[in-house]
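Colleague: Contents of start-v9.pdb (PDB, C-alpha atoms, pLDDT in the B column) are below:
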```
ATOM      1  CA  MET A   2      30.556 -26.025  31.921  1.00 46.00           C
ATOM      2  CA  THR A   3      27.845 -28.130  33.475  1.00 54.00           C
ATOM      3  CA  TYR A   4      26.033 -30.774  31.508  1.00 55.00           C
ATOM      4  CA  GLY A   5      22.721 -30.912  33.310  1.00 57.00           C
ATOM      5  CA  ASP A   6      21.490 -31.452  36.809  1.00 61.00           C
ATOM      6  CA  ASP A   7      20.968 -35.192  36.451  1.00 65.00           C
ATOM      7  CA  PRO A   8      24.326 -37.010  36.580  1.00 62.00           C
ATOM      8  CA  MET A   9      22.561 -40.230  35.636  1.00 66.00           C
ATOM      9  CA  SER A  10      22.052 -38.938  32.106  1.00 88.00           C
ATOM     10  CA  VAL A  11      25.777 -38.233  31.690  1.00 87.00           C
ATOM     11  CA  ASP A  12      26.627 -41.580  33.278  1.00 88.00           C
ATOM     12  CA  LYS A  13      24.254 -43.350  30.886  1.00 91.00           C
ATOM     13  CA  ILE A  14      25.806 -41.635  27.855  1.00 90.00           C
ATOM     14  CA  LEU A  15      29.301 -42.573  29.059  1.00 92.00           C
ATOM     15  CA  GLU A  16      28.182 -46.162  29.617  1.00 93.00           C
ATOM     16  CA  LEU A  17      26.773 -46.383  26.094  1.00 94.00           C
ATOM     17  CA  VAL A  18      29.868 -44.839  24.527  1.00 94.00           C
ATOM     18  CA  ASP A  19      32.200 -47.079  26.542  1.00 96.00           C
ATOM     19  CA  ASN A  20      30.430 -50.119  25.073  1.00 96.00           C
ATOM     20  CA  MET A  21      31.028 -48.981  21.476  1.00 96.00           C
ATOM     21  CA  GLU A  22      34.057 -49.089  19.221  1.00 97.00           C
ATOM     22  CA  PRO A  23      35.729 -45.642  19.139  1.00 95.00           C
ATOM     23  CA  GLN A  24      34.811 -44.947  15.496  1.00 96.00           C
ATOM     24  CA  GLU A  25      31.229 -46.046  16.066  1.00 97.00           C
ATOM     25  CA  ALA A  26      30.963 -43.858  19.185  1.00 96.00           C
ATOM     26  CA  ALA A  27      32.415 -40.841  17.353  1.00 95.00           C
ATOM     27  CA  SER A  28      29.966 -41.278  14.469  1.00 96.00           C
ATOM     28  CA  ALA A  29      26.991 -41.652  16.811  1.00 95.00           C
ATOM     29  CA  LEU A  30      27.995 -38.615  18.857  1.00 94.00           C
ATOM     30  CA  ALA A  31      28.497 -36.563  15.691  1.00 94.00           C
ATOM     31  CA  LEU A  32      24.949 -37.399  14.583  1.00 95.00           C
ATOM     32  CA  VAL A  33      23.536 -36.437  17.989  1.00 93.00           C
ATOM     33  CA  ILE A  34      25.483 -33.171  18.004  1.00 94.00           C
ATOM     34  CA  LYS A  35      24.323 -32.316  14.474  1.00 94.00           C
ATOM     35  CA  ASN A  36      20.732 -32.664  15.695  1.00 95.00           C
ATOM     36  CA  LEU A  37      21.416 -30.704  18.874  1.00 93.00           C
ATOM     37  CA  PHE A  38      23.387 -27.740  17.505  1.00 94.00           C
ATOM     38  CA  PRO A  39      20.443 -26.014  15.773  1.00 95.00           C
ATOM     39  CA  LEU A  40      18.660 -25.943  19.145  1.00 96.00           C
ATOM     40  CA  LEU A  41      21.529 -24.146  20.913  1.00 95.00           C
ATOM     41  CA  ASP A  42      22.331 -20.458  20.916  1.00 94.00           C
ATOM     42  CA  GLU A  43      25.633 -19.303  19.433  1.00 93.00           C
ATOM     43  CA  ASP A  44      27.388 -18.804  22.782  1.00 93.00           C
ATOM     44  CA  THR A  45      26.495 -22.314  23.909  1.00 93.00           C
ATOM     45  CA  ARG A  46      27.784 -23.801  20.637  1.00 92.00           C
ATOM     46  CA  ILE A  47      31.046 -21.867  20.955  1.00 91.00           C
ATOM     47  CA  ASN A  48      31.477 -22.934  24.587  1.00 91.00           C
ATOM     48  CA  PHE A  49      30.849 -26.554  23.622  1.00 90.00           C
ATOM     49  CA  VAL A  50      33.480 -26.476  20.881  1.00 89.00           C
ATOM     50  CA  MET A  51      35.951 -24.698  23.164  1.00 88.00           C
ATOM     51  CA  ASP A  52      35.386 -27.384  25.829  1.00 88.00           C
ATOM     52  CA  LEU A  53      36.229 -30.038  23.234  1.00 85.00           C
ATOM     53  CA  ILE A  54      39.396 -28.217  22.218  1.00 83.00           C
ATOM     54  CA  GLY A  55      40.673 -27.580  25.724  1.00 81.00           C
ATOM     55  CA  ASP A  56      42.835 -24.824  27.176  1.00 69.00           C
ATOM     56  CA  SER A  57      45.157 -24.194  24.235  1.00 63.00           C
ATOM     57  CA  GLY A  58      42.195 -22.934  22.252  1.00 52.00           C
ATOM     58  CA  ASP A  59      43.685 -20.120  20.153  1.00 58.00           C
ATOM     59  CA  ASP A  60      45.938 -22.313  18.021  1.00 61.00           C
ATOM     60  CA  LYS A  61      43.371 -25.079  17.715  1.00 56.00           C
ATOM     61  CA  VAL A  62      40.498 -22.731  16.898  1.00 59.00           C
ATOM     62  CA  SER A  63      42.472 -21.227  14.042  1.00 62.00           C
ATOM     63  CA  SER A  64      43.194 -24.728  12.769  1.00 63.00           C
ATOM     64  CA  LEU A  65      39.462 -25.556  12.928  1.00 62.00           C
ATOM     65  CA  VAL A  66      38.798 -22.726  10.499  1.00 61.00           C
ATOM     66  CA  HIS A  67      40.602 -24.778   7.852  1.00 54.00           C
ATOM     67  CA  LEU A  68      38.381 -27.856   8.358  1.00 54.00           C
TER      68      LEU A  68
END
```
Any chance you could put this one into structure tokens?
Modeller:
Amino acid sequence: MTYGDDPMSVDKILELVDNMEPQEAASALALVIKNLFPLLDEDTRINFVMDLIGDSGDDKVSSLVHL
């Protein structure tokens, strides 16, 4: 999956996250994603979640159902 044509935007996000405590970064990213998800189509949302999970998706996806 590509995350845009401008690598500076990804670099800037990584720089900001790297300067935060892990819990703070996770909370901030969760808020951003909550605002972004309604703007995405279903396939894009699924691909995003699958990218977060990684290659062993089947077992992890079934465990996400219980969240």
Colleague: For a test of reading the model, state the distance in Å between CA of Asn20 in chain A and CA of Arg46 in chain A, rounded to one decimal.
Modeller: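 These two atoms are separated by 26.8 Å.
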Colleague: Measure the distance from CA of Asn48 in chain A to CA of Lys35 in chain A in Å and round it to one decimal.
Modeller: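 So the two atoms, CA of Asn48 in chain A and CA of Lys35 in chain A, lie 15.5 Å apart.
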Colleague: Between CA of Gly55 in chain A and CA of Asp42 in chain A, measure the distance and give it in Å to one decimal.
Modeller: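 Value for the CA of Gly55 in chain A-CA of Asp42 in chain A distance: 20.3 Å.
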Colleague: Ranking A:Pro23, A:Val11, A:Leu17, A:Phe49 by minimum distance to Leu37 in chain A and counting all atoms listed in the file, which one comes first?
Modeller: A:Phe49
Colleague: Take every atom of range 47-53 of chain A listed in the file, fit an axis-aligned box around them, add 8 Å per side, and give the centre and edge lengths in Å to one decimal as lines of an AutoDock Vina configuration file.
Modeller:
```
center_x = 33.5
center_y = -26.0
center_z = 23.4
size_x = 21.4
size_y = 24.2
size_z = 20.9
```
